file structure.txt (compact mmCIF, C-alpha atoms)
# COMPACT_ATOMS: atom_id res chain seq x y z
CA MET A 22 0.00 0.00 0.00
CA GLU A 23 1.59 3.27 -1.14
CA LEU A 24 1.38 5.89 1.60
CA PHE A 25 3.09 8.83 -0.09
CA THR A 26 5.77 9.81 -2.60
CA VAL A 27 8.10 12.77 -2.15
CA SER A 28 9.69 13.99 -5.38
CA ILE A 29 12.48 16.47 -6.03
CA PRO A 30 12.70 17.50 -9.71
CA SER A 31 16.11 17.33 -11.36
CA ALA A 32 17.70 16.40 -8.07
CA GLN A 33 21.30 15.44 -7.76
CA LEU A 34 22.15 12.11 -6.20
CA LYS A 35 23.43 13.81 -3.05
CA GLU A 36 20.07 15.53 -2.53
CA LEU A 37 18.20 12.27 -2.95
CA GLU A 38 20.49 10.56 -0.46
CA SER A 39 19.94 13.39 2.01
CA LEU A 40 16.15 13.17 1.72
CA THR A 41 16.20 9.38 2.06
CA GLU A 42 18.42 9.44 5.15
CA LEU A 43 16.22 12.04 6.82
CA LEU A 44 13.11 9.94 6.18
CA LYS A 45 14.81 6.79 7.48
CA CYS A 46 15.95 8.63 10.59
CA GLU A 47 12.48 10.02 11.32
CA MET A 48 10.68 6.74 10.60
CA GLY A 49 12.91 5.05 13.15
CA ASP A 50 11.31 1.87 14.41
CA LEU A 51 8.77 1.99 11.59
CA HIS A 52 11.56 1.34 9.07
CA THR A 53 13.28 -1.97 9.88
CA SER A 54 13.77 -5.27 8.11
CA SER A 55 10.37 -6.44 9.37
CA SER A 56 8.82 -3.04 9.38
CA ARG A 57 5.33 -1.83 8.76
CA VAL A 58 6.67 0.70 6.23
CA THR A 59 9.31 0.60 3.50
CA LEU A 60 11.16 3.37 1.71
CA ASP A 61 12.12 2.98 -1.96
CA THR A 62 14.04 5.52 -4.01
CA PHE A 63 13.71 6.25 -7.71
CA GLN A 64 15.54 8.55 -10.11
CA THR A 65 15.11 9.56 -13.73
CA ASP A 66 16.60 12.34 -15.84
CA LYS A 67 13.93 14.78 -14.68
CA LEU A 68 12.64 13.43 -11.41
CA ALA A 69 13.88 11.71 -8.26
CA GLY A 70 12.27 10.84 -5.00
CA VAL A 71 11.26 8.43 -2.29
CA THR A 72 8.12 6.31 -2.06
CA CYS A 73 6.87 5.19 1.34
CA SER A 74 4.68 2.08 1.42
CA GLY A 75 2.86 0.32 4.25
CA LEU A 76 2.96 -3.46 4.60
CA LEU A 77 -0.36 -5.14 5.39
CA PRO A 78 -1.60 -6.43 7.74
CA GLU A 79 1.07 -4.97 10.03
CA PHE A 80 0.38 -1.42 8.91
CA GLN A 81 -3.09 0.02 9.44
CA LEU A 82 -3.68 3.53 8.12
CA HIS A 83 -6.21 4.53 10.77
CA VAL A 84 -3.84 3.38 13.53
CA HIS A 85 -0.42 4.43 12.28
CA GLY A 86 -1.26 7.09 9.71
CA GLN A 87 -0.93 10.18 11.93
CA ASP A 88 2.44 9.00 13.22
CA VAL A 89 3.75 8.44 9.69
CA TRP A 90 2.50 11.82 8.39
CA LYS A 91 4.07 13.62 11.36
CA ARG A 92 7.43 11.90 10.99
CA ALA A 93 7.52 12.32 7.21
CA ALA A 94 6.58 15.99 7.52
CA SER A 95 9.43 16.56 10.01
CA ALA A 96 11.93 14.84 7.69
CA VAL A 97 10.87 16.83 4.62
CA ALA A 98 10.85 20.07 6.64
CA GLU A 99 14.43 19.39 7.72
CA TYR A 100 15.33 18.68 4.09
CA ILE A 101 13.84 22.03 3.01
CA LEU A 102 15.74 23.96 5.68
CA ALA A 103 19.03 22.09 5.30
CA VAL A 104 19.16 21.65 1.52
CA LYS A 105 16.65 23.88 -0.27
CA GLU A 106 16.89 26.98 1.89
CA GLY A 107 20.34 27.91 0.62
CA VAL A 108 19.14 27.68 -2.98
CA LEU A 109 16.13 29.84 -2.18
CA ILE A 110 18.25 32.49 -0.46
CA ARG A 111 20.70 32.68 -3.36
CA SER A 112 17.79 33.02 -5.75
CA LEU A 113 16.27 35.89 -3.75
CA ILE A 114 19.62 37.70 -3.54
CA ALA A 115 20.18 37.22 -7.28
CA LYS A 116 16.93 39.10 -7.97
CA GLU A 117 18.34 42.21 -6.30
CA LYS A 118 19.99 43.91 -9.27
CA HIS A 119 21.64 46.62 -7.16
CA VAL A 120 23.70 44.05 -5.23
CA GLU A 121 27.15 43.57 -6.73
CA ASP A 122 28.39 40.06 -7.43
CA ALA A 123 31.30 40.49 -5.04
CA ASP A 124 28.87 41.17 -2.17
CA ARG A 125 26.46 38.27 -2.70
CA ASN A 126 28.41 35.62 -0.76
CA LYS A 127 28.81 37.90 2.26
CA ILE A 128 25.11 38.76 2.26
CA GLU A 129 24.23 35.08 1.94
CA ALA A 130 26.47 34.20 4.90
CA TYR A 131 24.80 36.90 7.00
CA CYS A 132 21.37 35.50 6.07
CA TYR A 133 22.43 32.11 7.43
CA GLN A 134 23.56 33.72 10.67
CA LEU A 135 20.18 35.37 11.11
CA LEU A 136 18.19 32.28 10.13
CA ASN A 137 20.15 29.93 12.37
CA GLY A 138 20.37 32.19 15.37
CA TYR A 139 24.10 32.99 15.39
CA GLU A 140 23.52 36.71 15.84
CA GLU A 141 22.39 38.56 18.95
CA GLN A 142 19.01 39.05 17.26
CA GLY A 143 18.44 35.31 17.08
CA SER A 144 18.78 32.03 18.90
CA PRO A 145 18.42 28.33 18.02
CA GLU A 146 14.71 28.87 18.63
CA VAL A 147 14.57 30.88 15.40
CA ARG A 148 15.31 27.78 13.34
CA ARG A 149 13.11 25.49 15.45
CA ARG A 150 10.16 27.84 15.04
CA ARG A 151 10.69 28.01 11.30
CA LYS A 152 10.92 24.22 11.01
CA SER A 153 7.80 23.78 13.13
CA LYS A 154 5.87 26.08 10.81
CA VAL A 155 6.97 24.13 7.72
CA THR A 156 6.34 20.76 9.42
CA LYS A 157 2.72 21.65 10.27
CA ALA A 158 2.02 22.70 6.68
CA LEU A 159 3.55 19.49 5.32
CA GLN A 160 1.64 17.27 7.74
CA LEU A 161 -1.69 18.82 6.77
CA TYR A 162 -0.83 18.29 3.12
CA LEU A 163 0.25 14.64 3.51
CA GLU A 164 -2.92 13.80 5.37
CA GLU A 165 -4.87 14.60 2.21
CA HIS A 166 -2.41 13.87 -0.63
CA THR A 167 -0.15 10.96 -1.54
CA VAL A 168 2.18 12.84 -3.92
CA LEU A 169 4.37 15.69 -2.72
CA ASN A 170 6.56 17.68 -5.09
CA VAL A 171 8.90 19.63 -2.83
CA ASP A 172 9.58 22.51 -5.23
CA GLY A 173 5.91 22.93 -6.03
CA PHE A 174 4.97 22.75 -2.37
CA ILE A 175 7.43 25.51 -1.49
CA ARG A 176 6.20 27.70 -4.32
CA PHE A 177 2.45 27.31 -3.76
CA ARG A 178 1.98 26.20 -0.14
CA LEU A 179 4.72 27.90 1.88
CA GLU A 180 3.92 31.55 1.25
CA SER A 181 4.55 32.63 4.85
CA TYR A 182 7.88 30.77 4.90
CA MET A 183 8.99 32.44 1.67
CA THR A 184 7.88 35.81 3.01
CA GLU A 185 10.10 35.27 6.05
CA LEU A 186 13.08 34.41 3.82
CA ARG A 187 12.49 37.55 1.72
CA GLU A 188 12.38 39.69 4.87
CA VAL A 189 15.64 38.17 6.10
CA VAL A 190 17.31 38.78 2.74
CA ASP A 191 16.07 42.38 2.63
CA TYR A 192 17.31 43.00 6.17
CA ALA A 193 20.70 41.39 5.44
CA ILE A 194 21.15 43.52 2.32
CA ASP A 195 20.24 46.73 4.17
CA GLU A 196 22.59 45.95 7.04
CA TYR A 197 25.41 44.99 4.68
CA VAL A 198 25.04 48.21 2.67
CA LEU A 199 24.99 50.30 5.85
CA GLU A 200 28.06 48.54 7.20
CA ARG A 201 29.91 49.06 3.93
CA GLN A 202 29.01 52.75 3.91
CA TYR A 203 30.11 53.02 7.53
CA GLN A 204 33.49 51.42 6.78
CA GLU A 205 33.97 53.67 3.75
CA PHE A 206 33.26 56.71 5.90
CA ILE A 207 35.65 55.50 8.61
CA SER A 208 38.32 55.18 5.91
CA LEU A 209 37.66 58.76 4.86
CA LEU A 210 38.04 60.00 8.43
CA LYS A 211 41.26 57.99 8.78
CA TYR A 212 42.52 59.78 5.67
CA PHE A 213 41.75 63.18 7.26
CA VAL A 214 43.75 62.13 10.31
CA TYR A 215 46.62 60.88 8.17
CA ILE A 216 47.06 64.07 6.14
CA GLN A 217 46.85 66.42 9.14
CA ASP A 218 49.82 67.47 11.21
CA THR A 219 49.67 66.79 14.93
CA LYS A 220 48.30 69.89 16.66
CA ILE A 221 48.48 68.88 20.32
CA PRO A 222 50.64 66.21 21.91
CA MET A 223 47.91 64.49 23.91
CA ALA A 224 44.20 64.47 24.61
CA HIS A 225 42.30 62.80 27.45
CA LEU A 226 38.77 61.66 26.59
CA MET A 227 36.74 61.12 29.75
CA HIS A 228 33.78 58.84 29.10
CA LYS A 229 31.37 59.14 32.00
CA GLY A 230 28.89 56.70 30.48
CA CYS A 231 26.22 56.58 27.78
CA HIS A 232 26.64 59.72 25.62
CA GLU A 233 28.45 61.88 28.17
CA PHE A 234 32.05 62.83 27.35
CA THR A 235 34.57 65.43 28.40
CA LEU A 236 37.65 66.20 26.32
CA LEU A 237 40.80 67.48 28.03
CA ASP A 238 44.19 68.51 26.69
CA GLU A 239 47.60 67.32 27.88
CA GLN A 240 47.38 69.71 30.87
CA TRP A 241 43.96 68.29 31.81
CA LEU A 242 42.19 71.47 30.72
CA PRO A 243 38.85 71.21 28.87
CA ILE A 244 38.79 71.43 25.09
CA GLU A 245 35.58 73.09 24.00
CA PRO A 246 34.18 71.37 20.87
CA SER A 247 32.30 74.44 19.70
CA HIS A 248 35.57 76.42 19.44
CA VAL A 249 37.50 74.04 17.24
CA VAL A 250 35.16 71.91 15.15
CA ASP A 251 35.46 72.17 11.39
CA GLY A 252 32.03 72.71 9.86
CA MET A 253 32.56 70.36 6.94
CA ILE A 254 33.48 67.42 9.15
CA VAL A 255 30.53 68.02 11.48
CA GLU A 256 28.17 68.08 8.52
CA MET A 257 29.62 64.85 7.14
CA ILE A 258 29.33 63.08 10.49
CA ASP A 259 25.80 64.33 11.09
CA CYS A 260 24.71 63.03 7.72
CA ASP A 261 26.48 59.70 7.66
CA MET A 262 26.97 58.44 11.21
CA GLU A 263 24.84 58.00 14.29
CA MET A 264 27.35 58.60 17.07
CA GLU A 265 28.72 61.25 19.44
CA ASP A 266 29.42 63.62 16.54
CA MET A 267 31.11 66.49 18.33
CA ILE A 268 33.66 64.34 20.15
CA VAL A 269 34.80 62.53 17.00
CA SER A 270 34.94 65.68 14.89
CA THR A 271 36.76 67.59 17.64
CA LEU A 272 39.39 64.86 17.95
CA ILE A 273 39.93 64.95 14.19
CA ASN A 274 40.33 68.72 14.22
CA VAL A 275 42.72 68.97 17.16
CA SER A 276 44.61 65.93 15.82
CA PRO A 277 46.30 64.73 19.03
CA GLY A 278 49.52 62.80 18.81
CA HIS A 279 48.21 60.49 21.49
CA ILE A 280 44.71 59.88 22.86
CA VAL A 281 43.96 58.30 26.22
CA ILE A 282 40.34 57.22 26.56
CA HIS A 283 39.27 56.86 30.19
CA THR A 284 36.14 54.69 30.31
CA ARG A 285 34.35 51.95 32.19
CA ASP A 286 32.77 50.77 28.95
CA PRO A 287 35.61 49.96 26.49
CA GLU A 288 33.22 48.01 24.27
CA SER A 289 31.08 51.07 23.57
CA GLN A 290 30.57 51.67 19.85
CA VAL A 291 31.93 55.22 19.92
CA ILE A 292 35.09 53.99 21.69
CA LYS A 293 35.61 51.35 19.02
CA THR A 294 35.01 53.94 16.30
CA ILE A 295 37.67 56.27 17.73
CA GLN A 296 40.08 53.32 17.90
CA GLN A 297 39.36 52.55 14.23
CA ILE A 298 39.99 56.12 13.15
CA PHE A 299 43.10 56.90 15.20
CA GLU A 300 44.47 53.35 15.44
CA ALA A 301 47.87 53.26 17.22
CA ARG A 302 47.40 56.72 18.70
CA VAL A 303 44.69 55.46 21.05
CA HIS A 304 45.18 53.94 24.49
CA VAL A 305 42.12 52.83 26.49
CA CYS A 306 42.31 53.20 30.26
CA VAL A 307 39.63 51.47 32.34
CA TYR A 308 40.99 52.66 35.69
CA CYS A 309 43.75 54.98 36.91
CA ASN A 310 44.25 57.52 39.69
CA SER A 311 43.59 60.39 37.31
CA CYS A 312 40.35 59.14 35.79
CA GLU A 313 38.79 57.65 38.92
CA PRO A 314 37.29 60.95 40.20
CA CYS A 315 35.82 61.70 36.77
CA LEU A 316 34.31 58.32 36.11
CA THR A 317 32.73 58.17 39.55
CA ASN A 318 30.94 61.49 38.81
CA ASN A 319 32.78 63.23 41.63
CA TRP A 320 35.32 65.50 40.00
CA LYS A 321 36.32 69.00 38.98
CA SER A 322 38.80 69.81 36.24
CA GLN A 323 41.41 70.91 38.76
CA ASP A 324 41.16 67.52 40.47
CA LEU A 325 42.58 65.91 37.35
CA VAL A 326 45.70 68.01 37.14
CA PRO A 327 48.66 65.74 38.07

call {"tool": "encode", "arguments": {"input": "structure.txt", "output": "structure tokens"}}
result
Amino acid sequence: MELFTVSIPSAQLKELESLTELLKCEMGDLHTSSSRVTLDTFQTDKLAGVTCSGLLPEFQLHVHGQDVWKRAASAVAEYILAVKEGVLIRSLIAKEKHVEDADRNKIEAYCYQLLNGYEEQGSPEVRRRRKSKVTKALQLYLEEHTVLNVDGFIRFRLESYMTELREVVDYAIDEYVLERQYQEFISLLKYFVYIQDTKIPMAHLMHKGCHEFTLLDEQWLPIEPSHVVDGMIVEMIDCDMEMEDMIVSTLINVSPGHIVIHTRDPESQVIKTIQQIFEARVHVCVYCNSCEPCLTNNWKSQDLVP
């Protein structure tokens, strides 16, 4: 008694083997030498697949049917996520004409990170939820149909799944473009630093937390951003970067030979940005006798004079 057939058009042998192994694994005790079900593969030039049959009288559809549909649906869902998903993502990226060929692999890799929960935005639950959604749709289909064409099922029955993939691809492209623009702008700022002569020997950047900074010169006297900031650089930063604009632009303008950043949060994005721009000129201090009064919010400028 034929229970169902899963077909994968124009499949390579490796894909067929993957589908078969997943079905065998899910069927478990139902697929043994004296089993109630058997799995048989077939392959032609245009079509390949697996046929699942039940052996009578051991197998009774009304008794074992739900278990078989559930297990088969889980196996095919895993096949879609593990094998077909990459093809679908590449196809969606390829449709974006504004994405350069050199960027496609990086965008694809970022999509996988998002879909499999390797980013802060995700977790392994992201993939489990997606598989559960696909499994439920497949189980409902197998309960009413004996022939399942995987490609056709994805195209016509998994609209919400495809919508999720499109959203992930769109997000990955946007984030990649923003990151590339950010790095290009950082390179431009590094160029400004490179071509400028050093104007002061040292600057102390006191980071009191969040967006609160105080900039001091080598004598621990305040440097007022409004007095030294170049208008062009401020405009560029305001337009292209979301960060503590005045501090970065002031540092570029005064061009210190050495910068000591006093902070309790060395992983802050603005700290990392300053390190990128000024590179070897930057030293990060997380605690010293000079910065302790400042970073504990109990200081006056004269307290910092050595």

call {"tool": "atom_distance", "arguments": {"input": "structure.txt", "atom1": "CA of Thr72 (chain A)", "atom2": "CA of Phe25 (chain A)"}}
result
6.0 Å

call {"tool": "closest_residue", "arguments": {"input": "structure.txt", "among": "A:Met227, A:Val214, A:Leu135, A:Cys46", "to": "Ala301 (chain A)", "atoms": "all atoms listed in the file"}}
result
A:Val214

call {"tool": "closest_residue", "arguments": {"input": "structure.txt", "among": "A:His166, A:Thr41, A:Met223, A:Val269", "to": "Lys293 (chain A)", "atoms": "all atoms listed in the file"}}
result
A:Val269

call {"tool": "closest_residue", "arguments": {"input": "structure.txt", "among": "A:Gly138, A:Pro287, A:Pro30, A:Gly278", "to": "Asp172 (chain A)", "atoms": "all atoms listed in the file"}}
result
A:Pro30

call {"tool": "residues_near_point", "arguments": {"input": "structure.txt", "point": "(46.8, 68.5, 28.7)", "cutoff": "8 Å", "atoms": "only C-alpha atoms", "output": "PyMOL selection string"}}
result
chain A and resi 223-225+237-242

call {"tool": "closest_residue", "arguments": {"input": "structure.txt", "among": "A:Ser276, A:Gln202, A:Ser74, A:Gln297", "to": "Gln217 (chain A)", "atoms": "all atoms listed in the file"}}
result
A:Ser276

call {"tool": "residues_around", "arguments": {"input": "structure.txt", "residues": "Cys132 (chain A)", "least_positions_apart": "4", "cutoff": "7 Å", "atoms": "only C-alpha atoms", "output": "PyMOL selection string"}}
result
chain A and resi 128+136+189-190+193

call {"tool": "atom_distance", "arguments": {"input": "structure.txt", "atom1": "CA of Gln204 (chain A)", "atom2": "CA of Lys127 (chain A)"}}
result
15.0 Å

call {"tool": "atom_distance", "arguments": {"input": "structure.txt", "atom1": "CA of Glu121 (chain A)", "atom2": "CA of Ser208 (chain A)"}}
result
20.5 Å

call {"tool": "decode", "arguments": {"input": "structure.txt", "residues": "region 194-222 of chain A", "atoms": "N, CA, C and O atoms", "output": "PDB file, in the first residue's frame"}}
result
ATOM      1  N   ILE A 194      20.630  42.605   3.334  1.00  0.00           N
ATOM      2  CA  ILE A 194      21.151  43.524   2.316  1.00  0.00           C
ATOM      3  C   ILE A 194      21.263  44.932   2.889  1.00  0.00           C
ATOM      4  O   ILE A 194      22.282  45.608   2.712  1.00  0.00           O
ATOM      5  N   ASP A 195      20.218  45.388   3.584  1.00  0.00           N
ATOM      6  CA  ASP A 195      20.237  46.735   4.167  1.00  0.00           C
ATOM      7  C   ASP A 195      21.379  46.881   5.167  1.00  0.00           C
ATOM      8  O   ASP A 195      22.100  47.889   5.163  1.00  0.00           O
ATOM      9  N   GLU A 196      21.534  45.887   6.032  1.00  0.00           N
ATOM     10  CA  GLU A 196      22.590  45.946   7.041  1.00  0.00           C
ATOM     11  C   GLU A 196      23.972  45.905   6.395  1.00  0.00           C
ATOM     12  O   GLU A 196      24.889  46.610   6.832  1.00  0.00           O
ATOM     13  N   TYR A 197      24.120  45.093   5.350  1.00  0.00           N
ATOM     14  CA  TYR A 197      25.409  44.991   4.682  1.00  0.00           C
ATOM     15  C   TYR A 197      25.775  46.314   4.005  1.00  0.00           C
ATOM     16  O   TYR A 197      26.922  46.768   4.091  1.00  0.00           O
ATOM     17  N   VAL A 198      24.796  46.930   3.345  1.00  0.00           N
ATOM     18  CA  VAL A 198      25.040  48.205   2.666  1.00  0.00           C
ATOM     19  C   VAL A 198      25.405  49.280   3.693  1.00  0.00           C
ATOM     20  O   VAL A 198      26.342  50.065   3.483  1.00  0.00           O
ATOM     21  N   LEU A 199      24.686  49.316   4.816  1.00  0.00           N
ATOM     22  CA  LEU A 199      24.993  50.298   5.855  1.00  0.00           C
ATOM     23  C   LEU A 199      26.388  50.084   6.427  1.00  0.00           C
ATOM     24  O   LEU A 199      27.131  51.041   6.654  1.00  0.00           O
ATOM     25  N   GLU A 200      26.747  48.832   6.664  1.00  0.00           N
ATOM     26  CA  GLU A 200      28.065  48.536   7.202  1.00  0.00           C
ATOM     27  C   GLU A 200      29.163  48.929   6.221  1.00  0.00           C
ATOM     28  O   GLU A 200      30.207  49.471   6.619  1.00  0.00           O
ATOM     29  N   ARG A 201      28.924  48.676   4.939  1.00  0.00           N
ATOM     30  CA  ARG A 201      29.910  49.057   3.928  1.00  0.00           C
ATOM     31  C   ARG A 201      30.068  50.575   3.859  1.00  0.00           C
ATOM     32  O   ARG A 201      31.190  51.093   3.780  1.00  0.00           O
ATOM     33  N   GLN A 202      28.950  51.287   3.915  1.00  0.00           N
ATOM     34  CA  GLN A 202      29.014  52.748   3.907  1.00  0.00           C
ATOM     35  C   GLN A 202      29.729  53.266   5.149  1.00  0.00           C
ATOM     36  O   GLN A 202      30.509  54.224   5.075  1.00  0.00           O
ATOM     37  N   TYR A 203      29.450  52.632   6.287  1.00  0.00           N
ATOM     38  CA  TYR A 203      30.109  53.021   7.529  1.00  0.00           C
ATOM     39  C   TYR A 203      31.620  52.839   7.427  1.00  0.00           C
ATOM     40  O   TYR A 203      32.395  53.728   7.797  1.00  0.00           O
ATOM     41  N   GLN A 204      32.058  51.691   6.912  1.00  0.00           N
ATOM     42  CA  GLN A 204      33.492  51.424   6.785  1.00  0.00           C
ATOM     43  C   GLN A 204      34.148  52.376   5.786  1.00  0.00           C
ATOM     44  O   GLN A 204      35.299  52.806   5.989  1.00  0.00           O
ATOM     45  N   GLU A 205      33.435  52.711   4.714  1.00  0.00           N
ATOM     46  CA  GLU A 205      33.965  53.667   3.746  1.00  0.00           C
ATOM     47  C   GLU A 205      34.137  55.038   4.397  1.00  0.00           C
ATOM     48  O   GLU A 205      35.127  55.743   4.145  1.00  0.00           O
ATOM     49  N   PHE A 206      33.169  55.416   5.242  1.00  0.00           N
ATOM     50  CA  PHE A 206      33.260  56.712   5.903  1.00  0.00           C
ATOM     51  C   PHE A 206      34.378  56.721   6.942  1.00  0.00           C
ATOM     52  O   PHE A 206      35.101  57.718   7.085  1.00  0.00           O
ATOM     53  N   ILE A 207      34.547  55.618   7.656  1.00  0.00           N
ATOM     54  CA  ILE A 207      35.653  55.499   8.609  1.00  0.00           C
ATOM     55  C   ILE A 207      36.983  55.657   7.875  1.00  0.00           C
ATOM     56  O   ILE A 207      37.912  56.323   8.347  1.00  0.00           O
ATOM     57  N   SER A 208      37.086  55.059   6.700  1.00  0.00           N
ATOM     58  CA  SER A 208      38.318  55.177   5.910  1.00  0.00           C
ATOM     59  C   SER A 208      38.583  56.619   5.520  1.00  0.00           C
ATOM     60  O   SER A 208      39.738  57.073   5.509  1.00  0.00           O
ATOM     61  N   LEU A 209      37.509  57.346   5.201  1.00  0.00           N
ATOM     62  CA  LEU A 209      37.662  58.759   4.856  1.00  0.00           C
ATOM     63  C   LEU A 209      38.151  59.567   6.055  1.00  0.00           C
ATOM     64  O   LEU A 209      39.050  60.409   5.930  1.00  0.00           O
ATOM     65  N   LEU A 210      37.596  59.302   7.223  1.00  0.00           N
ATOM     66  CA  LEU A 210      38.040  59.996   8.427  1.00  0.00           C
ATOM     67  C   LEU A 210      39.489  59.645   8.764  1.00  0.00           C
ATOM     68  O   LEU A 210      40.267  60.515   9.187  1.00  0.00           O
ATOM     69  N   LYS A 211      39.864  58.385   8.562  1.00  0.00           N
ATOM     70  CA  LYS A 211      41.258  57.992   8.784  1.00  0.00           C
ATOM     71  C   LYS A 211      42.189  58.745   7.845  1.00  0.00           C
ATOM     72  O   LYS A 211      43.314  59.102   8.227  1.00  0.00           O
ATOM     73  N   TYR A 212      41.717  59.008   6.632  1.00  0.00           N
ATOM     74  CA  TYR A 212      42.520  59.777   5.674  1.00  0.00           C
ATOM     75  C   TYR A 212      42.712  61.215   6.164  1.00  0.00           C
ATOM     76  O   TYR A 212      43.813  61.769   6.080  1.00  0.00           O
ATOM     77  N   PHE A 213      41.631  61.831   6.701  1.00  0.00           N
ATOM     78  CA  PHE A 213      41.747  63.181   7.256  1.00  0.00           C
ATOM     79  C   PHE A 213      42.803  63.216   8.355  1.00  0.00           C
ATOM     80  O   PHE A 213      43.624  64.134   8.430  1.00  0.00           O
ATOM     81  N   VAL A 214      42.775  62.204   9.216  1.00  0.00           N
ATOM     82  CA  VAL A 214      43.747  62.134  10.309  1.00  0.00           C
ATOM     83  C   VAL A 214      45.160  61.993   9.764  1.00  0.00           C
ATOM     84  O   VAL A 214      46.105  62.618  10.251  1.00  0.00           O
ATOM     85  N   TYR A 215      45.296  61.178   8.738  1.00  0.00           N
ATOM     86  CA  TYR A 215      46.623  60.883   8.172  1.00  0.00           C
ATOM     87  C   TYR A 215      47.276  62.126   7.557  1.00  0.00           C
ATOM     88  O   TYR A 215      48.483  62.357   7.719  1.00  0.00           O
ATOM     89  N   ILE A 216      46.479  62.936   6.858  1.00  0.00           N
ATOM     90  CA  ILE A 216      47.060  64.071   6.137  1.00  0.00           C
ATOM     91  C   ILE A 216      47.269  65.288   7.045  1.00  0.00           C
ATOM     92  O   ILE A 216      47.960  66.233   6.654  1.00  0.00           O
ATOM     93  N   GLN A 217      46.692  65.268   8.244  1.00  0.00           N
ATOM     94  CA  GLN A 217      46.846  66.418   9.144  1.00  0.00           C
ATOM     95  C   GLN A 217      48.115  66.296   9.986  1.00  0.00           C
ATOM     96  O   GLN A 217      48.520  65.198  10.369  1.00  0.00           O
ATOM     97  N   ASP A 218      48.707  67.435  10.256  1.00  0.00           N
ATOM     98  CA  ASP A 218      49.817  67.470  11.205  1.00  0.00           C
ATOM     99  C   ASP A 218      49.261  67.392  12.624  1.00  0.00           C
ATOM    100  O   ASP A 218      48.135  67.834  12.891  1.00  0.00           O
ATOM    101  N   THR A 219      50.059  66.838  13.517  1.00  0.00           N
ATOM    102  CA  THR A 219      49.667  66.788  14.925  1.00  0.00           C
ATOM    103  C   THR A 219      49.594  68.201  15.486  1.00  0.00           C
ATOM    104  O   THR A 219      50.521  68.994  15.311  1.00  0.00           O
ATOM    105  N   LYS A 220      48.488  68.540  16.141  1.00  0.00           N
ATOM    106  CA  LYS A 220      48.297  69.894  16.663  1.00  0.00           C
ATOM    107  C   LYS A 220      48.522  69.978  18.171  1.00  0.00           C
ATOM    108  O   LYS A 220      48.951  71.016  18.676  1.00  0.00           O
ATOM    109  N   ILE A 221      48.204  68.909  18.888  1.00  0.00           N
ATOM    110  CA  ILE A 221      48.482  68.881  20.320  1.00  0.00           C
ATOM    111  C   ILE A 221      49.105  67.529  20.641  1.00  0.00           C
ATOM    112  O   ILE A 221      48.804  66.530  19.986  1.00  0.00           O
ATOM    113  N   PRO A 222      49.967  67.470  21.645  1.00  0.00           N
ATOM    114  CA  PRO A 222      50.644  66.206  21.912  1.00  0.00           C
ATOM    115  C   PRO A 222      49.737  65.120  22.462  1.00  0.00           C
ATOM    116  O   PRO A 222      49.934  63.934  22.164  1.00  0.00           O
TER     117      PRO A 222
END
